[in-house]
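Student: You'll find input06.pdb just under this line, and it carries PDB, C-alpha atoms.
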```pdb
ATOM      1  CA  VAL A   4      59.115 -14.497   1.397
ATOM      2  CA  GLU A   5      58.425 -12.726  -1.886
ATOM      3  CA  PHE A   6      56.072 -15.525  -2.935
ATOM      4  CA  ARG A   7      54.114 -15.224   0.304
ATOM      5  CA  ALA A   8      53.937 -11.448  -0.020
ATOM      6  CA  GLU A   9      52.606 -11.797  -3.570
ATOM      7  CA  GLN A  10      50.097 -14.364  -2.398
ATOM      8  CA  ASN A  11      48.872 -12.093   0.392
ATOM      9  CA  ARG A  12      48.592  -9.189  -2.048
ATOM     10  CA  CYS A  13      46.393 -11.254  -4.367
ATOM     11  CA  ILE A  14      44.194 -12.294  -1.464
ATOM     12  CA  PHE A  15      43.692  -8.711  -0.293
ATOM     13  CA  GLU A  16      42.998  -7.517  -3.836
ATOM     14  CA  ALA A  17      40.308 -10.187  -4.179
ATOM     15  CA  ILE A  18      38.779  -9.091  -0.885
ATOM     16  CA  ARG A  19      38.895  -5.456  -2.015
ATOM     17  CA  ASP A  20      37.201  -6.269  -5.322
ATOM     18  CA  HIS A  21      34.519  -8.280  -3.526
ATOM     19  CA  ILE A  22      33.778  -5.419  -1.118
ATOM     20  CA  ASP A  23      33.700  -2.867  -3.934
ATOM     21  CA  THR A  24      31.319  -5.053  -5.919
ATOM     22  CA  ASN A  25      28.963  -5.395  -2.932
ATOM     23  CA  ILE A  26      29.036  -1.663  -2.243
ATOM     24  CA  LYS A  27      28.150  -0.844  -5.847
ATOM     25  CA  ARG A  28      25.398  -3.452  -5.870
ATOM     26  CA  ARG A  29      23.947  -2.056  -2.656
ATOM     27  CA  GLU A  30      23.954   1.454  -4.114
ATOM     28  CA  ARG A  31      22.142   0.263  -7.232
ATOM     29  CA  LEU A  32      19.530  -1.533  -5.119
ATOM     30  CA  VAL A  33      19.004   1.502  -2.883
ATOM     31  CA  GLN A  34      18.549   3.746  -5.916
ATOM     32  CA  ALA A  35      16.092   1.332  -7.527
ATOM     33  CA  SER A  36      14.185   1.004  -4.254
ATOM     34  CA  ARG A  37      13.857   4.780  -4.011
ATOM     35  CA  GLU A  38      12.463   4.969  -7.535
ATOM     36  CA  VAL A  39       9.940   2.247  -6.732
ATOM     37  CA  THR A  40       8.966   4.031  -3.507
ATOM     38  CA  VAL A  41       8.365   7.356  -5.252
ATOM     39  CA  ALA A  42       6.323   5.727  -8.037
ATOM     40  CA  ALA A  43       4.254   3.694  -5.535
ATOM     41  CA  LYS A  44       3.560   6.743  -3.346
ATOM     42  CA  ASN A  45       2.345   8.718  -6.350
ATOM     43  CA  LEU A  46       0.108   5.797  -7.250
ATOM     44  CA  ILE A  47      -1.345   5.730  -3.726
ATOM     45  CA  PHE A  48      -2.171   9.447  -4.072
ATOM     46  CA  GLU A  49      -4.050   8.629  -7.271
ATOM     47  CA  LEU A  50      -5.891   5.789  -5.516
ATOM     48  CA  HIS A  51      -7.072   8.241  -2.876
ATOM     49  CA  ARG A  52      -8.501  10.456  -5.613
ATOM     50  CA  VAL A  53     -10.354   7.633  -7.349
ATOM     51  CA  GLY A  54     -10.859   5.251  -4.419
ATOM     52  CA  ILE A  55     -14.210   6.496  -3.145
ATOM     53  CA  GLU A  56     -15.747   6.272  -6.600
ATOM     54  CA  VAL A  57     -14.482   2.702  -6.970
ATOM     55  CA  LEU A  58     -15.977   1.765  -3.600
ATOM     56  CA  TYR A  59     -19.358   3.178  -4.584
ATOM     57  CA  MET A  60     -19.205   1.404  -7.920
ATOM     58  CA  ARG A  61     -18.435  -1.930  -6.232
ATOM     59  CA  ARG A  62     -21.156  -1.481  -3.631
ATOM     60  CA  GLU A  63     -23.781  -0.620  -6.203
ATOM     61  CA  ARG A  64     -22.879  -3.674  -8.252
ATOM     62  CA  ALA A  65     -23.098  -5.891  -5.164
ATOM     63  CA  ARG A  66     -26.430  -4.528  -4.043
ATOM     64  CA  ASP A  67     -27.856  -4.291  -7.555
ATOM     65  CA  CYS A  68     -30.152  -1.476  -6.530
ATOM     66  CA  ASP A  69     -31.405   1.707  -8.158
ATOM     67  CA  GLU A  70     -30.268   5.251  -7.358
ATOM     68  CA  THR A  71     -33.014   5.793  -4.782
ATOM     69  CA  GLU A  72     -32.087   2.788  -2.684
ATOM     70  CA  ALA A  73     -28.396   3.618  -2.926
ATOM     71  CA  SER A  74     -28.915   7.208  -1.797
ATOM     72  CA  GLN A  75     -30.877   6.077   1.253
ATOM     73  CA  SER A  76     -27.795   4.326   2.613
ATOM     74  CA  ARG A  77     -25.919   7.650   2.852
ATOM     75  CA  LEU A  78     -26.471  10.488   5.272
ATOM     76  CA  PHE A  79     -26.091  13.500   3.022
ATOM     77  CA  GLY A  80     -25.869  11.981  -0.438
ATOM     78  CA  THR A  81     -22.639  11.433  -2.298
ATOM     79  CA  ARG A  82     -20.949  14.333  -4.048
ATOM     80  CA  ARG A  83     -19.470  12.806  -7.190
ATOM     81  CA  ALA A  84     -17.122  14.696  -9.443
ATOM     82  CA  GLU A  85     -18.655  15.603 -12.755
ATOM     83  CA  GLY A  86     -17.092  14.022 -15.800
ATOM     84  CA  ASN A  87     -15.137  11.522 -13.723
ATOM     85  CA  ASP A  88     -14.909   7.956 -15.037
ATOM     86  CA  PRO A  89     -13.669   5.624 -12.264
ATOM     87  CA  GLN A  90     -13.184   2.712 -14.645
ATOM     88  CA  ALA A  91     -10.877   4.677 -16.932
ATOM     89  CA  ARG A  92      -8.840   5.991 -14.023
ATOM     90  CA  LEU A  93      -8.672   2.513 -12.535
ATOM     91  CA  ALA A  94      -7.289   1.205 -15.811
ATOM     92  CA  GLY A  95      -4.616   3.885 -15.588
ATOM     93  CA  VAL A  96      -3.797   2.733 -12.061
ATOM     94  CA  ASP A  97      -3.433  -0.864 -13.260
ATOM     95  CA  MET A  98      -1.083   0.261 -16.010
ATOM     96  CA  ARG A  99       1.099   2.118 -13.519
ATOM     97  CA  LEU A 100       1.150  -0.902 -11.220
ATOM     98  CA  THR A 101       2.475  -2.956 -14.121
ATOM     99  CA  GLN A 102       5.086  -0.307 -14.805
ATOM    100  CA  ILE A 103       6.320  -0.386 -11.209
ATOM    101  CA  ALA A 104       6.425  -4.184 -11.259
ATOM    102  CA  ASN A 105       8.493  -4.023 -14.442
ATOM    103  CA  LEU A 106      10.843  -1.603 -12.724
ATOM    104  CA  ILE A 107      11.323  -4.098  -9.887
ATOM    105  CA  LEU A 108      11.881  -6.949 -12.326
ATOM    106  CA  SER A 109      14.389  -5.001 -14.407
ATOM    107  CA  ARG A 110      16.348  -3.187 -11.696
ATOM    108  CA  ILE A 111      16.119  -5.233  -8.494
ATOM    109  CA  ALA A 112      15.560  -8.838  -9.559
ATOM    110  CA  PRO A 113      18.725  -9.119 -11.733
ATOM    111  CA  GLU A 114      20.889  -7.921  -8.845
ATOM    112  CA  LEU A 115      19.495 -10.667  -6.616
ATOM    113  CA  ASP A 116      19.602 -13.343  -9.291
ATOM    114  CA  GLU A 117      23.411 -13.291  -9.527
ATOM    115  CA  ASP A 118      23.914 -14.740  -6.051
ATOM    116  CA  LYS A 119      21.595 -16.930  -3.986
ATOM    117  CA  ALA A 120      22.633 -15.171  -0.787
ATOM    118  CA  ALA A 121      22.184 -11.670  -2.232
ATOM    119  CA  ALA A 122      18.465 -11.527  -1.383
ATOM    120  CA  ALA A 123      19.228 -11.923   2.314
ATOM    121  CA  VAL A 124      22.467  -9.914   2.385
ATOM    122  CA  PHE A 125      20.994  -6.852   0.645
ATOM    123  CA  HIS A 126      17.417  -7.160   1.883
ATOM    124  CA  ARG A 127      17.487  -3.893   3.832
ATOM    125  CA  ALA A 128      18.612  -2.045   0.697
ATOM    126  CA  TYR A 129      15.575  -2.835  -1.466
ATOM    127  CA  SER A 130      12.902  -3.787   1.085
ATOM    128  CA  PRO A 131      11.344  -0.266   1.485
ATOM    129  CA  GLY A 132      10.448  -0.113  -2.199
ATOM    130  CA  LEU A 133       8.810  -3.539  -2.161
ATOM    131  CA  GLN A 134       6.840  -2.654   0.967
ATOM    132  CA  GLU A 135       5.498   0.482  -0.699
ATOM    133  CA  PHE A 136       4.550  -1.493  -3.803
ATOM    134  CA  VAL A 137       2.703  -4.119  -1.743
ATOM    135  CA  GLU A 138       0.876  -1.309   0.047
ATOM    136  CA  ALA A 139      -0.252   0.228  -3.257
ATOM    137  CA  LEU A 140      -1.234  -3.131  -4.767
ATOM    138  CA  SER A 141      -3.168  -4.229  -1.659
ATOM    139  CA  MET A 142      -4.990  -0.887  -1.523
ATOM    140  CA  ARG A 143      -5.964  -1.212  -5.173
ATOM    141  CA  TYR A 144      -7.215  -4.759  -4.551
ATOM    142  CA  PHE A 145      -9.232  -3.755  -1.486
ATOM    143  CA  LEU A 146     -10.939  -0.826  -3.205
ATOM    144  CA  GLU A 147     -12.319  -3.088  -5.921
ATOM    145  CA  THR A 148     -12.963  -6.310  -3.979
ATOM    146  CA  GLY A 149     -13.174  -5.315  -0.308
ATOM    147  CA  ALA A 150     -10.789  -8.166   0.555
ATOM    148  CA  LEU A 151      -7.126  -8.631   1.390
ATOM    149  CA  ILE A 152      -4.755  -9.636  -1.372
ATOM    150  CA  SER A 153      -2.786 -12.790  -0.595
ATOM    151  CA  LEU A 154       0.932 -13.399  -0.931
ATOM    152  CA  ASP A 155       0.267 -15.881  -3.745
ATOM    153  CA  GLN A 156      -1.736 -13.276  -5.650
ATOM    154  CA  VAL A 157       1.062 -10.728  -5.347
ATOM    155  CA  GLN A 158       3.551 -13.314  -6.551
ATOM    156  CA  ARG A 159       1.303 -14.182  -9.502
ATOM    157  CA  PHE A 160       1.173 -10.494 -10.393
ATOM    158  CA  PHE A 161       4.971 -10.441 -10.636
ATOM    159  CA  ASP A 162       4.994 -13.679 -12.627
ATOM    160  CA  GLU A 163       2.471 -12.330 -15.126
ATOM    161  CA  CYS A 164       4.457  -9.119 -15.568
ATOM    162  CA  ALA A 165       7.627 -11.141 -16.103
ATOM    163  CA  LYS A 166       5.974 -12.986 -19.015
ATOM    164  CA  ARG A 167       5.187  -9.773 -20.845
ATOM    165  CA  THR A 168       8.415  -9.247 -22.698
ATOM    166  CA  SER A 169       7.232  -7.101 -25.596
ATOM    167  CA  GLU A 170       7.356  -3.351 -25.104
ATOM    168  CA  ASN A 171       3.980  -2.726 -26.753
ATOM    169  CA  GLU A 172       2.149  -4.559 -23.927
ATOM    170  CA  CYS A 173       2.861  -1.754 -21.478
ATOM    171  CA  ALA A 174       2.964   2.054 -21.615
ATOM    172  CA  ALA A 175       6.052   3.537 -23.225
ATOM    173  CA  THR A 176       7.371   5.349 -20.156
ATOM    174  CA  GLU A 177      10.761   5.397 -18.529
ATOM    175  CA  LEU A 178       9.416   3.222 -15.718
ATOM    176  CA  CYS A 179       8.260   0.479 -18.041
ATOM    177  CA  VAL A 180      10.364   0.205 -21.191
ATOM    178  CA  LEU A 181      13.428  -1.992 -20.839
ATOM    179  CA  ARG A 182      16.717  -1.306 -22.542
ATOM    180  CA  ALA A 183      18.177  -3.986 -24.751
ATOM    181  CA  ASP A 184      20.846  -4.844 -22.193
ATOM    182  CA  GLU A 185      18.346  -5.244 -19.326
ATOM    183  CA  LYS A 186      17.107  -8.716 -18.545
ATOM    184  CA  ARG A 187      14.089  -9.945 -16.627
ATOM    185  CA  ALA A 188      15.059 -12.279 -13.832
ATOM    186  CA  ALA A 189      12.754 -14.523 -11.876
ATOM    187  CA  PHE A 190      11.636 -12.735  -8.727
ATOM    188  CA  THR A 191      10.245 -14.184  -5.506
ATOM    189  CA  LEU A 192       8.679 -11.794  -3.032
ATOM    190  CA  ASN A 193       9.913 -12.132   0.533
ATOM    191  CA  PRO A 194       6.965 -12.804   2.905
ATOM    192  CA  ALA A 195       8.486 -10.236   5.275
ATOM    193  CA  ASP A 196       8.065  -7.484   2.660
ATOM    194  CA  TYR A 197       4.466  -8.602   2.138
ATOM    195  CA  LEU A 198       3.663  -8.383   5.865
ATOM    196  CA  LEU A 199       5.432  -5.062   6.354
ATOM    197  CA  GLY A 200       3.609  -3.632   3.348
ATOM    198  CA  LEU A 201       0.266  -4.678   4.798
ATOM    199  CA  GLY A 202       1.208  -2.928   8.038
ATOM    200  CA  ASP A 203       1.144   0.397   6.180
ATOM    201  CA  LEU A 204      -2.197  -0.343   4.529
ATOM    202  CA  GLY A 205      -4.135   0.637   7.649
ATOM    203  CA  GLY A 206      -3.065   4.280   7.475
ATOM    204  CA  GLU A 207      -4.201   4.637   3.870
ATOM    205  CA  LEU A 208      -7.581   3.000   4.500
ATOM    206  CA  MET A 209      -8.054   5.229   7.528
ATOM    207  CA  ARG A 210      -7.728   8.241   5.226
ATOM    208  CA  VAL A 211     -10.226   6.694   2.826
ATOM    209  CA  ALA A 212     -12.690   6.260   5.702
ATOM    210  CA  VAL A 213     -12.333   9.903   6.775
ATOM    211  CA  THR A 214     -12.807  11.079   3.195
ATOM    212  CA  ALA A 215     -15.919   8.930   2.850
ATOM    213  CA  VAL A 216     -17.496  10.416   5.980
ATOM    214  CA  SER A 217     -16.793  13.953   4.770
ATOM    215  CA  ARG A 218     -18.715  13.080   1.596
ATOM    216  CA  GLY A 219     -21.720  11.738   3.480
ATOM    217  CA  ASP A 220     -21.011   8.009   3.338
ATOM    218  CA  GLU A 221     -21.660   6.020   6.509
ATOM    219  CA  ASP A 222     -21.194   2.522   5.058
ATOM    220  CA  THR A 223     -17.586   2.791   3.885
ATOM    221  CA  PRO A 224     -16.091   3.681   7.317
ATOM    222  CA  ARG A 225     -17.839   0.713   8.915
ATOM    223  CA  ASP A 226     -16.700  -1.647   6.149
ATOM    224  CA  ILE A 227     -13.135  -0.392   6.493
ATOM    225  CA  LEU A 228     -13.279  -0.702  10.270
ATOM    226  CA  LYS A 229     -14.402  -4.319  10.038
ATOM    227  CA  PHE A 230     -11.615  -5.092   7.569
ATOM    228  CA  LEU A 231      -8.937  -3.336   9.638
ATOM    229  CA  ARG A 232      -9.974  -5.142  12.796
ATOM    230  CA  GLU A 233      -9.589  -8.495  11.084
ATOM    231  CA  LEU A 234      -6.226  -7.444   9.639
ATOM    232  CA  GLN A 235      -5.078  -6.254  13.069
ATOM    233  CA  THR A 236      -6.084  -9.553  14.665
ATOM    234  CA  HIS A 237      -4.103 -11.596  12.160
ATOM    235  CA  MET A 238      -1.034  -9.352  12.229
ATOM    236  CA  GLU A 239      -0.911  -9.343  16.025
ATOM    237  CA  THR A 240      -0.650 -13.133  15.856
ATOM    238  CA  PHE A 241       2.869 -12.781  14.417
ATOM    239  CA  ALA A 242       3.965  -9.891  16.622
ATOM    240  CA  GLN A 243       5.672 -12.054  19.249
ATOM    241  CA  PRO A 244       7.547 -14.435  16.881
ATOM    242  CA  PHE A 245       8.823 -11.504  14.799
ATOM    243  CA  SER A 246       9.866  -9.372  17.774
ATOM    244  CA  VAL A 247      13.401 -10.803  17.574
ATOM    245  CA  PRO A 248      15.591  -9.095  14.917
ATOM    246  CA  THR A 249      16.316 -11.308  11.916
ATOM    247  CA  ALA A 250      17.707 -10.910   8.408
ATOM    248  CA  SER A 251      14.214  -9.894   7.243
ATOM    249  CA  PHE A 252      12.967  -7.864  10.225
ATOM    250  CA  GLY A 253      14.879  -5.120  11.973
ATOM    251  CA  PRO A 254      14.613  -4.356  15.714
ATOM    252  CA  ASN A 255      10.936  -3.708  16.469
ATOM    253  CA  GLU A 256      10.253  -3.193  12.750
ATOM    254  CA  TYR A 257       7.260  -5.504  12.635
ATOM    255  CA  GLY A 258       6.055  -4.365  16.063
ATOM    256  CA  GLY A 259       6.153  -0.765  14.883
ATOM    257  CA  LYS A 260       3.965  -1.632  11.895
ATOM    258  CA  VAL A 261       1.448  -3.380  14.147
ATOM    259  CA  ALA A 262       1.391  -0.403  16.525
ATOM    260  CA  GLU A 263       0.743   1.976  13.626
ATOM    261  CA  LEU A 264      -2.058  -0.290  12.414
ATOM    262  CA  GLN A 265      -3.594  -0.206  15.899
ATOM    263  CA  ARG A 266      -3.542   3.598  15.860
ATOM    264  CA  SER A 267      -5.265   3.629  12.473
ATOM    265  CA  VAL A 268      -7.970   1.266  13.743
ATOM    266  CA  HIS A 269      -8.495   3.515  16.771
ATOM    267  CA  LYS A 270      -8.946   6.596  14.557
ATOM    268  CA  VAL A 271     -11.519   4.845  12.349
ATOM    269  CA  GLU A 272     -13.330   3.685  15.490
ATOM    270  CA  ARG A 273     -13.538   7.283  16.684
ATOM    271  CA  VAL A 274     -14.977   8.391  13.360
ATOM    272  CA  CYS A 275     -17.593   5.613  13.371
ATOM    273  CA  TYR A 276     -18.439   6.314  17.007
ATOM    274  CA  ALA A 277     -18.919  10.039  16.339
ATOM    275  CA  LEU A 278     -21.012   9.188  13.305
ATOM    276  CA  SER A 279     -23.328   6.923  15.310
ATOM    277  CA  MET A 280     -23.628   9.300  18.261
ATOM    278  CA  ARG A 281     -24.362  12.392  16.225
ATOM    279  CA  LYS A 282     -26.843  10.524  14.078
ATOM    280  CA  SER A 283     -28.731   9.315  17.150
ATOM    281  CA  GLU A 284     -28.863  12.857  18.538
ATOM    282  CA  VAL A 285     -30.896  14.008  15.547
ATOM    283  CA  SER A 286     -32.638  10.719  14.848
ATOM    284  CA  VAL A 287     -36.137  12.192  15.261
ATOM    285  CA  LEU A 288     -35.515  14.963  12.793
ATOM    286  CA  TYR A 289     -33.563  12.655  10.498
ATOM    287  CA  ASP A 290     -36.418  10.158  10.346
ATOM    288  CA  ALA A 291     -38.667  13.013   9.385
ATOM    289  CA  ASP A 292     -36.324  13.718   6.480
ATOM    290  CA  SER A 293     -35.550  17.181   7.762
ATOM    291  CA  SER A 294     -32.966  18.976   5.635
ATOM    292  CA  ALA A 295     -32.027  21.096   8.660
ATOM    293  CA  ALA A 296     -31.197  17.956  10.654
ATOM    294  CA  VAL A 297     -29.056  16.602   7.843
ATOM    295  CA  GLU A 298     -27.175  19.890   7.497
ATOM    296  CA  HIS A 299     -26.654  20.026  11.256
ATOM    297  CA  LEU A 300     -25.308  16.479  11.318
ATOM    298  CA  GLN A 301     -22.952  17.195   8.455
ATOM    299  CA  ARG A 302     -21.518  20.260  10.203
ATOM    300  CA  VAL A 303     -20.982  18.292  13.425
ATOM    301  CA  ILE A 304     -19.248  15.419  11.628
ATOM    302  CA  GLU A 305     -16.965  17.802   9.761
ATOM    303  CA  GLY A 306     -16.086  19.399  13.103
ATOM    304  CA  GLU A 307     -15.205  15.963  14.483
ATOM    305  CA  LEU A 308     -13.002  15.322  11.463
ATOM    306  CA  ARG A 309     -11.146  18.609  11.932
ATOM    307  CA  THR A 310     -10.537  17.697  15.568
ATOM    308  CA  ALA A 311      -9.279  14.237  14.582
ATOM    309  CA  SER A 312      -6.984  15.854  12.021
ATOM    310  CA  VAL A 313      -5.464  18.118  14.670
ATOM    311  CA  ILE A 314      -4.909  15.138  16.975
ATOM    312  CA  SER A 315      -3.290  13.200  14.146
ATOM    313  CA  HIS A 316      -0.825  16.044  13.504
ATOM    314  CA  GLU A 317      -0.024  16.261  17.214
ATOM    315  CA  ASP A 318       0.603  12.494  17.360
ATOM    316  CA  ALA A 319       2.896  12.737  14.350
TER     317      ALA A 319
END
```
Starting from the file, lay out its structure as structure tokens.

Tutor:
Amino acid sequence: VEFRAEQNRCIFEAIRDHIDTNIKRRERLVQASREVTVAAKNLIFELHRVGIEVLYMRRERARDCDETEASQSRLFGTRRAEGNDPQARLAGVDMRLTQIANLILSRIAPELDEDKAAAAVFHRAYSPGLQEFVEALSMRYFLETGALISLDQVQRFFDECAKRTSENECAATELCVLRADEKRAAFTLNPADYLLGLGDLGGELMRVAVTAVSRGDEDTPRDILKFLRELQTHMETFAQPFSVPTASFGPNEYGGKVAELQRSVHKVERVCYALSMRKSEVSVLYDADSSAAVEHLQRVIEGELRTASVISHEDA
């Protein structure tokens, strides 16, 4: 009897230690995910500040035209910030992306590398941070290329960051520099985190489109609308298969992302529709290069944007 009691005590102590270990690991993953989320959100804010300039820079390179031809493609002319170097700020964005990737590799990847089942068991603990990072990385890629970043490209980004082991290859910040006892583990991005991150991309590009219109750009909203429609079409393809809760997708998690993407597409459509309608209303004066017509059109568009902003707050 005493032997059996001792045996049962050892079994329960092992179970207790296993549960305690999992709880501590989950807490570490949640904390790391929150740090990644905060860093990625701050990076997205920076992308909004520099994004329009990057879009103009890419468009001008693609068209290879002079300032006169470029200005003719905009309604009111573009108001660029004086002394603002998009390339330098974009390099800063790339550095911060590398820092966030290093944070993932140093804080999240080692926790998942200890156990093959850990990635699935603790997926909900660290998934929000990865989704936010994919959103920031995909937004950065779109602003410069106008295309959608692939899962393989995101994975290659992690692989390249993992190879950079020396501290002098990245900025010496608390997000980037590794302690001596921290190791870099191999990390494989879950396709579910990639898809869920893309679901949030629509809202950020919708804000870029609204900002572009307020600055007199009629090409960027239409380019973004075309891109978002294609993204919506492809993401809706997986809506039905992923409607059932799994280890990677919560109840209606993927469907909620698709619905939010649809709302973003609808808002960009309204902006483009208002832009086309108001432009046609003053087309005679606009063709005559009337400054009064341009000023009138700008005031009307800004009124439409204020109305759309109020509707967005009511929807939220």

Student: Neighbours of A:Val57 within 10 Å (only C-alpha atoms; same-chain residues fewer than 6 positions away dropped), as a PyMOL selection string?

Tutor: chain A and resi 50+63+88-90+92-93+143+145-148

Student: If you measure from atom CA of A:Ile18 to atom CA of A:Val124, what distance in Å do you get, rounded to one decimal?

Tutor: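 Separation between atom CA of A:Ile18 and atom CA of A:Val124: 16.7 Å.
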
Student: Name the residues that the PyMOL selection byres ((chain A and resi 140) around 10) pulls out of this structure, and write them as an mmCIF file with C-alpha atoms, in the coordinates of the input.

Tutor:
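So part-v7.cif came out as:
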```cif
data_model
loop_
_atom_site.group_PDB
_atom_site.id
_atom_site.type_symbol
_atom_site.label_atom_id
_atom_site.label_comp_id
_atom_site.auth_asym_id
_atom_site.auth_seq_id
_atom_site.Cartn_x
_atom_site.Cartn_y
_atom_site.Cartn_z
ATOM 1 C CA ALA A 43 4.254 3.694 -5.535
ATOM 2 C CA LEU A 46 0.108 5.797 -7.250
ATOM 3 C CA ILE A 47 -1.345 5.730 -3.726
ATOM 4 C CA VAL A 96 -3.797 2.733 -12.061
ATOM 5 C CA ASP A 97 -3.433 -0.864 -13.260
ATOM 6 C CA LEU A 100 1.150 -0.902 -11.220
ATOM 7 C CA GLN A 134 6.840 -2.654 0.967
ATOM 8 C CA GLU A 135 5.498 0.482 -0.699
ATOM 9 C CA PHE A 136 4.550 -1.493 -3.803
ATOM 10 C CA VAL A 137 2.703 -4.119 -1.743
ATOM 11 C CA GLU A 138 0.876 -1.309 0.047
ATOM 12 C CA ALA A 139 -0.252 0.228 -3.257
ATOM 13 C CA SER A 141 -3.168 -4.229 -1.659
ATOM 14 C CA MET A 142 -4.990 -0.887 -1.523
ATOM 15 C CA ARG A 143 -5.964 -1.212 -5.173
ATOM 16 C CA TYR A 144 -7.215 -4.759 -4.551
ATOM 17 C CA PHE A 145 -9.232 -3.755 -1.486
ATOM 18 C CA ILE A 152 -4.755 -9.636 -1.372
ATOM 19 C CA VAL A 157 1.062 -10.728 -5.347
ATOM 20 C CA PHE A 160 1.173 -10.494 -10.393
ATOM 21 C CA GLY A 200 3.609 -3.632 3.348
ATOM 22 C CA LEU A 201 0.266 -4.678 4.798
ATOM 23 C CA LEU A 204 -2.197 -0.343 4.529
#
```

Student: Go through the shown structure with the PyMOL selection byres ((chain A and resi 238) around 12) and write out the matching residues as number ranges by chain.

Tutor: A: 195, 197-205, 231-237, 239-245, 257-265

Student: With C-alpha atoms retained, could you export that selection as a PDB file, in the frame of the given file?

Tutor:
```
ATOM      1  CA  ALA A 195       8.486 -10.236   5.275  1.00  0.00           C
ATOM      2  CA  TYR A 197       4.466  -8.602   2.138  1.00  0.00           C
ATOM      3  CA  LEU A 198       3.663  -8.383   5.865  1.00  0.00           C
ATOM      4  CA  LEU A 199       5.432  -5.062   6.354  1.00  0.00           C
ATOM      5  CA  GLY A 200       3.609  -3.632   3.348  1.00  0.00           C
ATOM      6  CA  LEU A 201       0.266  -4.678   4.798  1.00  0.00           C
ATOM      7  CA  GLY A 202       1.208  -2.928   8.038  1.00  0.00           C
ATOM      8  CA  ASP A 203       1.144   0.397   6.180  1.00  0.00           C
ATOM      9  CA  LEU A 204      -2.197  -0.343   4.529  1.00  0.00           C
ATOM     10  CA  GLY A 205      -4.135   0.637   7.649  1.00  0.00           C
ATOM     11  CA  LEU A 231      -8.937  -3.336   9.638  1.00  0.00           C
ATOM     12  CA  ARG A 232      -9.974  -5.142  12.796  1.00  0.00           C
ATOM     13  CA  GLU A 233      -9.589  -8.495  11.084  1.00  0.00           C
ATOM     14  CA  LEU A 234      -6.226  -7.444   9.639  1.00  0.00           C
ATOM     15  CA  GLN A 235      -5.078  -6.254  13.069  1.00  0.00           C
ATOM     16  CA  THR A 236      -6.084  -9.553  14.665  1.00  0.00           C
ATOM     17  CA  HIS A 237      -4.103 -11.596  12.160  1.00  0.00           C
ATOM     18  CA  GLU A 239      -0.911  -9.343  16.025  1.00  0.00           C
ATOM     19  CA  THR A 240      -0.650 -13.133  15.856  1.00  0.00           C
ATOM     20  CA  PHE A 241       2.869 -12.781  14.417  1.00  0.00           C
ATOM     21  CA  ALA A 242       3.965  -9.891  16.622  1.00  0.00           C
ATOM     22  CA  GLN A 243       5.672 -12.054  19.249  1.00  0.00           C
ATOM     23  CA  PRO A 244       7.547 -14.435  16.881  1.00  0.00           C
ATOM     24  CA  PHE A 245       8.823 -11.504  14.799  1.00  0.00           C
ATOM     25  CA  TYR A 257       7.260  -5.504  12.635  1.00  0.00           C
ATOM     26  CA  GLY A 258       6.055  -4.365  16.063  1.00  0.00           C
ATOM     27  CA  GLY A 259       6.153  -0.765  14.883  1.00  0.00           C
ATOM     28  CA  LYS A 260       3.965  -1.632  11.895  1.00  0.00           C
ATOM     29  CA  VAL A 261       1.448  -3.380  14.147  1.00  0.00           C
ATOM     30  CA  ALA A 262       1.391  -0.403  16.525  1.00  0.00           C
ATOM     31  CA  GLU A 263       0.743   1.976  13.626  1.00  0.00           C
ATOM     32  CA  LEU A 264      -2.058  -0.290  12.414  1.00  0.00           C
ATOM     33  CA  GLN A 265      -3.594  -0.206  15.899  1.00  0.00           C
TER      34      GLN A 265
END
```

Student: Which one is closest to A:Ala112: A:Leu228, A:Phe161, A:Thr40, A:His21? Count all atoms listed in the file.

Tutor: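 Nearest candidate to A:Ala112 out of A:Leu228, A:Phe161, A:Thr40, A:His21: A:Phe161.
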
Student: Which distance in Å separates atom CA of A:Glu49 and atom CA of A:Leu208, to one decimal?

Tutor: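 Atom-to-atom, atom CA of A:Glu49 and atom CA of A:Leu208 are spaced 13.5 Å apart.
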